[in-house]
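Beneath this line is the structure, given in structure tokens, with notes to follow.
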Amino acid sequence: MQPINTRLTDREKDMMDILWAAEEALTARALFNEFTGRGFELPYTRINTLLRNLIKKGLVQQSGLANTRVKYISALTREEYIAAVAKEIGASDAKLIETFSLGFVKHIDDEKVLDEIFERIKKEARRGKG
């Protein structure tokens with residue numbers, strides 16, 4: 001596996017969000033349509049540039065063809081990406097991870113979302129101990 005470059009531009013982050021949310025691999029045209037549907041006015045050639053950059057960074061990979069068009073998927077889950085970012089900044093000890101997590105959750109206003117996050121953390125912690 002190639003090294004991962006976790007530093008992303010805003011548009012690269014947007015593309016990764018689209019790919020992470022997708023239930024299947026997407027063509028460049030489908031990605032273009034997603035960007036357009038979200039109100040972004042990017043030229044189609046920019047989509048291809050973003051894809052090339054994300055492939056070089058190890059975050060996107062090709063996944064077959066749709067007719068004659070290449071399909072793309074994320075090479076990492078969102079969780080794997082976040083773990084790679086944490087590793088890159090040296091957040092490998094529990095105190096740094098706790099600080100990062102608390103800084104993140106204090107920006108979430110939705111109690112339901114917070115409850116879901118805490119339940120997932122508990123579930124993962126139990127799975128790790130079992």
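Labeling convention for the structure tokens: chains A, B, ... as they appear, residues from 1 per chain, ligands from 1 in order of appearance.
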- Please identify which residues in chain A DSSP calls alpha helix (DSSP H) from the backbone, and express them as an NGL selection string. :A and (10-21 or 28-37 or 44-56 or 78-88 or 94-105 or 111-129)
- Query: When DSSP works through the backbone of this structure, what residues of chain A end up as strand (DSSP E), shown as a PyMOL selection string?
  - Reply: chain A and resi 26-27+60-66+69-74
- Spatial neighbours of Ile82 of chain A, max dist 12 Å, only C-alpha atoms, sep filter under 2 positions, as a list of chain:residue names: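 These residues fall inside the cut-off: A:Ile4, A:Asn5, A:Thr6, A:Arg7, A:Leu59, A:Leu76, A:Thr77, A:Arg78, A:Glu79, A:Glu80, A:Ala84, A:Val85, A:Ala86, A:Lys87, A:Glu88, A:Ile89, A:Ala91, A:Ile97, A:Phe100, A:Ser101, A:Phe104.
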- Between A:Thr36, A:Thr27, A:Ser74, A:Thr99, which is the closest to Lys57 of chain A once you count only C-alpha atoms? A:Ser74
- Query: Mind pulling up the distance from atom CA of Glu34 of chain A to atom CA of Trp20 of chain A?
  - Reply: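 Value for the atom CA of Trp20 of chain A-atom CA of Glu34 of chain A distance: 12.6 Å.
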- Message: Need the shell around Ala22 of chain A: protein/DNA/RNA residues with any atom at most 10 Å away, counting only C-alpha atoms. Skip same-chain ones fewer than 3 positions apart. Format as a list in words?
- Response: Met16, Asp17, Ile18, Leu19, Ala25, Leu26, Leu31, Ile73 and Ser74 of chain A
- Message: Show me, as a PyMOL selection string, the residues that have an atom within 9 Å of segment 38-50 of chain A when counting only C-alpha atoms, minus same-chain residues fewer than 4 positions from it.
- Response: chain A and resi 11-12+15+28-29+31-34+54-55
- Atom pair atom CA of Leu114 of chain A / atom CA of Val60 of chain A: separation (Å):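 Going from atom CA of Leu114 of chain A over to atom CA of Val60 of chain A, I get 29.0 Å.
Picture a line from atom CA of Val105 of chain A to atom CA of Ile121 of chain A; it runs 12.5 Å.
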- Query: Out of A:Glu124, A:Tyr72, A:Gln61, A:Glu111, which residue has the shortest atom-to-atom distance to Glu23 of chain A when counting only C-alpha atoms?
  - Reply: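 Among the listed residues, the smallest separation from Glu23 of chain A belongs to A:Tyr72.
Nearest residue to Gly58 of chain A among A:Leu8, A:Leu102, A:Val70, A:Ala21 is A:Leu8, counting only C-alpha atoms.
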